[in-house]
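**Student:** Would you mind keeping the following structure in view while I ask a few things?
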Amino acid sequence: MTILLADPVVRAVRVLDNGDPLVPLDFAPGVLVRECVARRLDVARALLPSGVDLRVIEGHRSSADQSAIIERYTAELRELHPAADAVELDRLSSRFVAPLAVAPHVAGAAVDLTLVTTSGAELWMGTAVDATPEESDGACFFAAPVDAEARRNRTVLADALSSAGLVNYPTEWWHWSYGDRYWALLSGADNAVYGPVEVPAWARS
(Lines give C-alpha, C1' and ligand atoms only; values in the text may rest on other atoms or scores of the structure.)
Protein backbone atom coordinates (compact mmCIF):
# COMPACT_ATOMS: atom_id res chain seq x y z
CA MET A 1 0.00 0.00 0.00
CA THR A 2 1.37 3.42 -0.98
CA ILE A 3 2.28 5.72 1.90
CA LEU A 4 1.40 9.28 0.96
CA LEU A 5 3.36 12.29 2.15
CA ALA A 6 0.29 13.49 4.06
CA ASP A 7 0.37 10.38 6.24
CA PRO A 8 1.16 11.22 9.89
CA VAL A 9 3.81 8.48 9.88
CA VAL A 10 5.91 10.67 7.55
CA ARG A 11 5.58 13.77 9.73
CA ALA A 12 6.56 11.67 12.76
CA VAL A 13 10.04 10.99 11.36
CA ARG A 14 12.52 13.17 13.20
CA VAL A 15 14.95 15.42 11.34
CA LEU A 16 18.58 15.83 12.36
CA ASP A 17 19.90 18.08 9.61
CA ASN A 18 23.54 17.36 8.86
CA GLY A 19 24.16 20.81 7.41
CA ASP A 20 25.03 19.72 3.87
CA PRO A 21 24.92 22.86 1.70
CA LEU A 22 22.83 23.42 -1.37
CA VAL A 23 25.03 23.11 -4.46
CA PRO A 24 24.37 23.60 -8.18
CA LEU A 25 24.14 20.51 -10.35
CA ASP A 26 26.87 20.77 -12.94
CA PHE A 27 24.72 19.05 -15.58
CA ALA A 28 21.45 20.93 -14.84
CA PRO A 29 21.81 24.72 -14.96
CA GLY A 30 19.84 26.56 -12.30
CA VAL A 31 19.08 23.46 -10.22
CA LEU A 32 20.21 23.34 -6.58
CA VAL A 33 20.23 20.24 -4.35
CA ARG A 34 21.98 19.15 -1.19
CA GLU A 35 25.61 18.18 -1.74
CA CYS A 36 25.13 14.47 -1.08
CA VAL A 37 22.13 14.37 -3.41
CA ALA A 38 24.33 15.83 -6.16
CA ARG A 39 26.97 13.16 -5.58
CA ARG A 40 24.38 10.40 -5.71
CA LEU A 41 22.97 11.73 -8.95
CA ASP A 42 26.47 11.53 -10.42
CA VAL A 43 26.57 7.89 -9.33
CA ALA A 44 23.19 7.25 -10.95
CA ARG A 45 24.31 8.84 -14.22
CA ALA A 46 27.30 6.53 -14.34
CA LEU A 47 24.99 3.52 -13.93
CA LEU A 48 22.77 4.39 -16.89
CA PRO A 49 23.13 2.54 -20.21
CA SER A 50 25.39 4.06 -22.84
CA GLY A 51 23.64 6.85 -24.73
CA VAL A 52 21.21 7.67 -21.89
CA ASP A 53 21.46 10.48 -19.33
CA LEU A 54 19.38 12.23 -16.68
CA ARG A 55 17.58 15.50 -17.25
CA VAL A 56 16.85 17.14 -13.89
CA ILE A 57 14.00 19.60 -14.21
CA GLU A 58 13.73 20.80 -10.63
CA GLY A 59 15.56 20.41 -7.34
CA HIS A 60 15.26 22.76 -4.38
CA ARG A 61 11.99 24.69 -4.22
CA SER A 62 11.21 27.64 -1.96
CA SER A 63 8.51 27.41 0.69
CA ALA A 64 6.55 30.08 -1.16
CA ASP A 65 6.64 28.13 -4.42
CA GLN A 66 5.64 24.93 -2.63
CA SER A 67 2.70 26.67 -0.98
CA ALA A 68 1.57 28.14 -4.30
CA ILE A 69 1.52 24.70 -5.94
CA ILE A 70 -0.43 23.27 -3.01
CA GLU A 71 -3.01 26.05 -3.16
CA ARG A 72 -3.44 25.79 -6.92
CA TYR A 73 -3.82 22.02 -6.99
CA THR A 74 -6.09 21.94 -3.93
CA ALA A 75 -8.39 24.44 -5.64
CA GLU A 76 -8.62 22.10 -8.63
CA LEU A 77 -9.38 19.15 -6.36
CA ARG A 78 -12.04 21.11 -4.48
CA GLU A 79 -13.92 21.59 -7.75
CA LEU A 80 -13.56 17.92 -8.67
CA HIS A 81 -14.52 16.66 -5.19
CA PRO A 82 -16.97 19.16 -3.69
CA ALA A 83 -17.96 16.77 -0.89
CA ALA A 84 -14.37 16.20 0.29
CA ASP A 85 -13.40 17.64 3.67
CA ALA A 86 -10.05 19.27 4.46
CA VAL A 87 -8.42 15.98 5.51
CA GLU A 88 -9.44 14.24 2.31
CA LEU A 89 -8.31 17.19 0.19
CA ASP A 90 -4.92 17.11 1.91
CA ARG A 91 -4.66 13.39 1.19
CA LEU A 92 -5.60 13.80 -2.45
CA SER A 93 -3.30 16.80 -2.86
CA SER A 94 -0.33 14.92 -1.41
CA ARG A 95 -0.39 12.46 -4.31
CA PHE A 96 1.02 15.29 -6.42
CA VAL A 97 2.52 17.88 -4.07
CA ALA A 98 3.95 17.36 -0.58
CA PRO A 99 2.56 19.18 2.46
CA LEU A 100 4.89 22.05 3.28
CA ALA A 101 6.00 20.59 6.63
CA VAL A 102 7.48 17.47 5.02
CA ALA A 103 8.22 18.65 1.47
CA PRO A 104 11.42 17.02 0.12
CA HIS A 105 11.95 19.76 -2.47
CA VAL A 106 11.96 22.46 0.24
CA ALA A 107 14.69 20.47 2.00
CA GLY A 108 16.80 20.35 -1.16
CA ALA A 109 16.49 16.58 -0.98
CA ALA A 110 14.39 15.86 -4.06
CA VAL A 111 14.64 16.07 -7.80
CA ASP A 112 12.10 15.84 -10.58
CA LEU A 113 13.77 14.23 -13.55
CA THR A 114 13.52 12.08 -16.63
CA LEU A 115 15.73 10.25 -19.10
CA VAL A 116 17.19 11.71 -22.28
CA THR A 117 19.43 10.57 -25.09
CA THR A 118 22.89 12.08 -25.43
CA SER A 119 21.41 14.40 -28.05
CA GLY A 120 18.88 15.67 -25.50
CA ALA A 121 15.72 13.93 -26.73
CA GLU A 122 13.48 12.83 -23.88
CA LEU A 123 12.69 9.13 -23.67
CA TRP A 124 9.05 8.07 -23.43
CA MET A 125 8.03 7.50 -19.80
CA GLY A 126 4.28 7.11 -20.17
CA THR A 127 3.35 10.66 -19.15
CA ALA A 128 4.92 14.08 -19.10
CA VAL A 129 6.83 15.08 -15.98
CA ASP A 130 4.42 16.74 -13.52
CA ALA A 131 1.28 15.23 -15.06
CA THR A 132 -1.31 15.10 -12.28
CA PRO A 133 -3.21 11.91 -11.46
CA GLU A 134 -6.27 13.49 -13.06
CA GLU A 135 -4.48 14.58 -16.25
CA SER A 136 -2.78 11.21 -16.70
CA ASP A 137 -5.65 9.01 -15.50
CA GLY A 138 -3.26 7.60 -12.91
CA ALA A 139 -0.44 6.80 -15.35
CA CYS A 140 1.85 9.12 -13.36
CA PHE A 141 1.99 6.44 -10.64
CA PHE A 142 5.28 4.59 -11.04
CA ALA A 143 3.65 1.15 -11.06
CA ALA A 144 0.75 2.13 -13.33
CA PRO A 145 0.01 -0.11 -16.33
CA VAL A 146 1.88 1.75 -19.06
CA ASP A 147 3.11 0.52 -22.45
CA ALA A 148 6.23 -1.60 -22.79
CA GLU A 149 8.50 1.26 -23.83
CA ALA A 150 7.53 3.43 -20.88
CA ARG A 151 7.84 0.50 -18.47
CA ARG A 152 11.31 -0.32 -19.79
CA ASN A 153 12.44 3.29 -19.42
CA ARG A 154 10.96 3.64 -15.93
CA THR A 155 12.82 0.50 -14.93
CA VAL A 156 16.11 1.88 -16.27
CA LEU A 157 15.53 5.09 -14.32
CA ALA A 158 14.62 3.24 -11.13
CA ASP A 159 17.54 0.82 -11.32
CA ALA A 160 20.08 3.64 -11.54
CA LEU A 161 18.54 5.93 -8.92
CA SER A 162 17.74 3.17 -6.44
CA SER A 163 21.27 1.83 -6.75
CA ALA A 164 22.53 5.32 -5.93
CA GLY A 165 20.44 5.38 -2.74
CA LEU A 166 17.47 7.52 -3.78
CA VAL A 167 13.83 6.57 -3.24
CA ASN A 168 10.83 7.18 -5.45
CA TYR A 169 7.54 8.76 -4.43
CA PRO A 170 5.26 6.10 -5.97
CA THR A 171 2.57 8.50 -7.22
CA GLU A 172 5.11 10.40 -9.35
CA TRP A 173 7.52 8.33 -11.45
CA TRP A 174 9.78 11.40 -11.87
CA HIS A 175 10.18 12.32 -8.18
CA TRP A 176 13.20 10.88 -6.35
CA SER A 177 14.77 11.92 -3.08
CA TYR A 178 17.52 11.26 -0.59
CA GLY A 179 17.84 12.40 3.02
CA ASP A 180 14.30 13.68 3.65
CA ARG A 181 11.62 12.23 5.91
CA TYR A 182 10.10 10.08 3.19
CA TRP A 183 13.49 8.63 2.31
CA ALA A 184 14.15 7.88 5.99
CA LEU A 185 10.82 6.09 6.34
CA LEU A 186 11.24 3.94 3.25
CA SER A 187 14.93 3.19 3.77
CA GLY A 188 14.65 2.42 7.48
CA ALA A 189 17.03 5.20 8.54
CA ASP A 190 16.82 6.40 12.13
CA ASN A 191 16.10 9.96 11.03
CA ALA A 192 16.00 12.32 8.10
CA VAL A 193 19.23 14.22 7.51
CA TYR A 194 17.69 17.13 5.58
CA GLY A 195 15.04 19.59 6.73
CA PRO A 196 13.85 22.85 5.14
CA VAL A 197 16.70 24.99 3.87
CA GLU A 198 17.00 28.46 2.39
CA VAL A 199 18.79 29.28 -0.84
CA PRO A 200 22.21 30.83 -0.06
CA ALA A 201 22.74 34.49 -0.87
CA TRP A 202 25.17 33.72 -3.71
CA ALA A 203 22.50 31.72 -5.55
CA ARG A 204 19.71 34.30 -5.33
CA SER A 205 18.91 36.24 -8.44
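Lettering and numbering for the C-alpha coordinates are positional, with chains as A, B, ... in the shown order, residues counted from 1 in each chain, and ligands counted from 1 in the shown order.
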If we count only C-alpha atoms and set the cut-off at 9 Å, which residues sit around Pro196 in chain A, ignoring sequence neighbours fewer than 5 positions away in its own chain? Please answer as an MDAnalysis selection string.
**Tutor:** chainID A and resid 17 62:63 101:108
**Student:** Please identify all polymer residues within 6 Å of range 181-195 of chain A, counting only C-alpha atoms, omitting same-chain residues fewer than 6 positions from it, and present them as an MDAnalysis selection string.
**Tutor:** chainID A and resid 13:18 107 167
**Student:** DSSP on the backbone, then: every residue of range 8-139 of chain A marked alpha helix (DSSP H), written as a VMD selection string.
**Tutor:** chain A and resid 8 to 11 35 to 47 63 to 80 86 to 93 133 to 136
**Student:** Write the residues you've just listed into a file as a tab-separated table (two decimals), in the first residue's frame, and include N, CA and C atoms for each of them.
**Tutor:**
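Produced file selection.tsv, reproduced below:
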chain	number	residue	atom	x	y	z
A	8	PRO	N	0.49	10.80	8.65
A	8	PRO	CA	1.16	11.22	9.89
A	8	PRO	C	2.46	10.47	10.17
A	9	VAL	N	2.60	9.26	9.64
A	9	VAL	CA	3.81	8.48	9.88
A	9	VAL	C	5.03	9.17	9.25
A	10	VAL	N	4.80	9.93	8.18
A	10	VAL	CA	5.91	10.67	7.55
A	10	VAL	C	6.30	11.85	8.43
A	11	ARG	N	5.31	12.61	8.88
A	11	ARG	CA	5.58	13.77	9.73
A	11	ARG	C	6.26	13.35	11.04
A	35	GLU	N	24.34	18.68	-1.19
A	35	GLU	CA	25.61	18.18	-1.74
A	35	GLU	C	25.61	16.67	-1.94
A	36	CYS	N	25.12	15.92	-0.95
A	36	CYS	CA	25.13	14.47	-1.08
A	36	CYS	C	24.16	13.99	-2.15
A	37	VAL	N	23.07	14.71	-2.34
A	37	VAL	CA	22.13	14.37	-3.41
A	37	VAL	C	22.83	14.53	-4.75
A	38	ALA	N	23.59	15.60	-4.91
A	38	ALA	CA	24.33	15.83	-6.16
A	38	ALA	C	25.30	14.69	-6.43
A	39	ARG	N	26.01	14.25	-5.39
A	39	ARG	CA	26.97	13.16	-5.58
A	39	ARG	C	26.26	11.87	-5.99
A	40	ARG	N	25.12	11.62	-5.38
A	40	ARG	CA	24.38	10.40	-5.71
A	40	ARG	C	23.79	10.45	-7.12
A	41	LEU	N	23.43	11.61	-7.57
A	41	LEU	CA	22.97	11.73	-8.95
A	41	LEU	C	24.10	11.46	-9.93
A	42	ASP	N	25.31	11.86	-9.58
A	42	ASP	CA	26.47	11.53	-10.42
A	42	ASP	C	26.66	10.02	-10.49
A	43	VAL	N	26.48	9.35	-9.35
A	43	VAL	CA	26.57	7.89	-9.33
A	43	VAL	C	25.51	7.28	-10.24
A	44	ALA	N	24.29	7.78	-10.13
A	44	ALA	CA	23.19	7.25	-10.95
A	44	ALA	C	23.46	7.44	-12.44
A	45	ARG	N	24.00	8.58	-12.80
A	45	ARG	CA	24.31	8.84	-14.22
A	45	ARG	C	25.31	7.82	-14.76
A	46	ALA	N	26.28	7.48	-13.92
A	46	ALA	CA	27.30	6.53	-14.34
A	46	ALA	C	26.74	5.12	-14.50
A	47	LEU	N	25.61	4.85	-13.87
A	47	LEU	CA	24.99	3.52	-13.93
A	47	LEU	C	24.03	3.36	-15.10
A	63	SER	N	9.76	27.64	-0.03
A	63	SER	CA	8.51	27.41	0.69
A	63	SER	C	7.35	28.12	0.01
A	64	ALA	N	7.61	29.32	-0.49
A	64	ALA	CA	6.55	30.08	-1.16
A	64	ALA	C	6.08	29.37	-2.42
A	65	ASP	N	7.02	28.84	-3.20
A	65	ASP	CA	6.64	28.13	-4.42
A	65	ASP	C	5.89	26.84	-4.09
A	66	GLN	N	6.33	26.16	-3.05
A	66	GLN	CA	5.64	24.93	-2.63
A	66	GLN	C	4.20	25.25	-2.22
A	67	SER	N	4.04	26.28	-1.44
A	67	SER	CA	2.70	26.67	-0.98
A	67	SER	C	1.80	27.05	-2.14
A	68	ALA	N	2.36	27.73	-3.14
A	68	ALA	CA	1.57	28.14	-4.30
A	68	ALA	C	1.07	26.93	-5.08
A	69	ILE	N	1.93	25.92	-5.24
A	69	ILE	CA	1.52	24.70	-5.94
A	69	ILE	C	0.42	23.99	-5.17
A	70	ILE	N	0.59	23.91	-3.86
A	70	ILE	CA	-0.43	23.27	-3.01
A	70	ILE	C	-1.77	23.97	-3.16
A	71	GLU	N	-1.76	25.29	-3.07
A	71	GLU	CA	-3.01	26.05	-3.16
A	71	GLU	C	-3.68	25.87	-4.52
A	72	ARG	N	-2.88	25.91	-5.58
A	72	ARG	CA	-3.44	25.79	-6.92
A	72	ARG	C	-4.05	24.40	-7.15
A	73	TYR	N	-3.32	23.38	-6.76
A	73	TYR	CA	-3.82	22.02	-6.99
A	73	TYR	C	-5.00	21.70	-6.08
A	74	THR	N	-4.97	22.18	-4.85
A	74	THR	CA	-6.09	21.94	-3.93
A	74	THR	C	-7.36	22.60	-4.44
A	75	ALA	N	-7.22	23.77	-5.05
A	75	ALA	CA	-8.39	24.44	-5.64
A	75	ALA	C	-8.99	23.59	-6.76
A	76	GLU	N	-8.13	22.97	-7.57
A	76	GLU	CA	-8.62	22.10	-8.63
A	76	GLU	C	-9.35	20.90	-8.04
A	77	LEU	N	-8.77	20.32	-6.99
A	77	LEU	CA	-9.38	19.15	-6.36
A	77	LEU	C	-10.71	19.49	-5.70
A	78	ARG	N	-10.81	20.69	-5.14
A	78	ARG	CA	-12.04	21.11	-4.48
A	78	ARG	C	-13.20	21.16	-5.49
A	79	GLU	N	-12.89	21.56	-6.71
A	79	GLU	CA	-13.92	21.59	-7.75
A	79	GLU	C	-14.31	20.17	-8.19
A	80	LEU	N	-13.30	19.30	-8.23
A	80	LEU	CA	-13.56	17.92	-8.67
A	80	LEU	C	-14.24	17.09	-7.60
A	86	ALA	N	-11.43	18.79	4.50
A	86	ALA	CA	-10.05	19.27	4.46
A	86	ALA	C	-9.05	18.12	4.54
A	87	VAL	N	-9.34	17.12	5.36
A	87	VAL	CA	-8.42	15.98	5.51
A	87	VAL	C	-8.31	15.21	4.20
A	88	GLU	N	-9.45	14.97	3.57
A	88	GLU	CA	-9.44	14.24	2.31
A	88	GLU	C	-8.76	15.04	1.21
A	89	LEU	N	-8.98	16.35	1.18
A	89	LEU	CA	-8.31	17.19	0.19
A	89	LEU	C	-6.80	17.17	0.38
A	90	ASP	N	-6.36	17.19	1.64
A	90	ASP	CA	-4.92	17.11	1.91
A	90	ASP	C	-4.36	15.78	1.41
A	91	ARG	N	-5.12	14.71	1.64
A	91	ARG	CA	-4.66	13.39	1.19
A	91	ARG	C	-4.57	13.34	-0.33
A	92	LEU	N	-5.60	13.81	-0.99
A	92	LEU	CA	-5.60	13.80	-2.45
A	92	LEU	C	-4.49	14.70	-3.00
A	93	SER	N	-4.32	15.86	-2.40
A	93	SER	CA	-3.30	16.80	-2.86
A	93	SER	C	-1.90	16.20	-2.74
A	133	PRO	N	-2.45	13.15	-11.34
A	133	PRO	CA	-3.21	11.91	-11.46
A	133	PRO	C	-4.45	12.06	-12.33
A	134	GLU	N	-5.07	13.25	-12.26
A	134	GLU	CA	-6.27	13.49	-13.06
A	134	GLU	C	-5.93	13.62	-14.55
A	135	GLU	N	-4.88	14.38	-14.85
A	135	GLU	CA	-4.48	14.58	-16.25
A	135	GLU	C	-4.04	13.27	-16.91
A	136	SER	N	-3.37	12.43	-16.13
A	136	SER	CA	-2.78	11.21	-16.70
A	136	SER	C	-3.63	9.97	-16.48
**Student:** So that I can see what lies close to Ser94 in chain A, please list as an MDAnalysis selection string the residues with an atom at most 8 Å from it, counting only C-alpha atoms and leaving out residues fewer than 6 positions away in the same chain.
**Tutor:** chainID A and resid 4:6
**Student:** According to DSSP computed on the backbone, where in range 85-118 of chain A is there strand (DSSP E)? Give the residues as a ChimeraX atom specification.
**Tutor:** /A:110-117
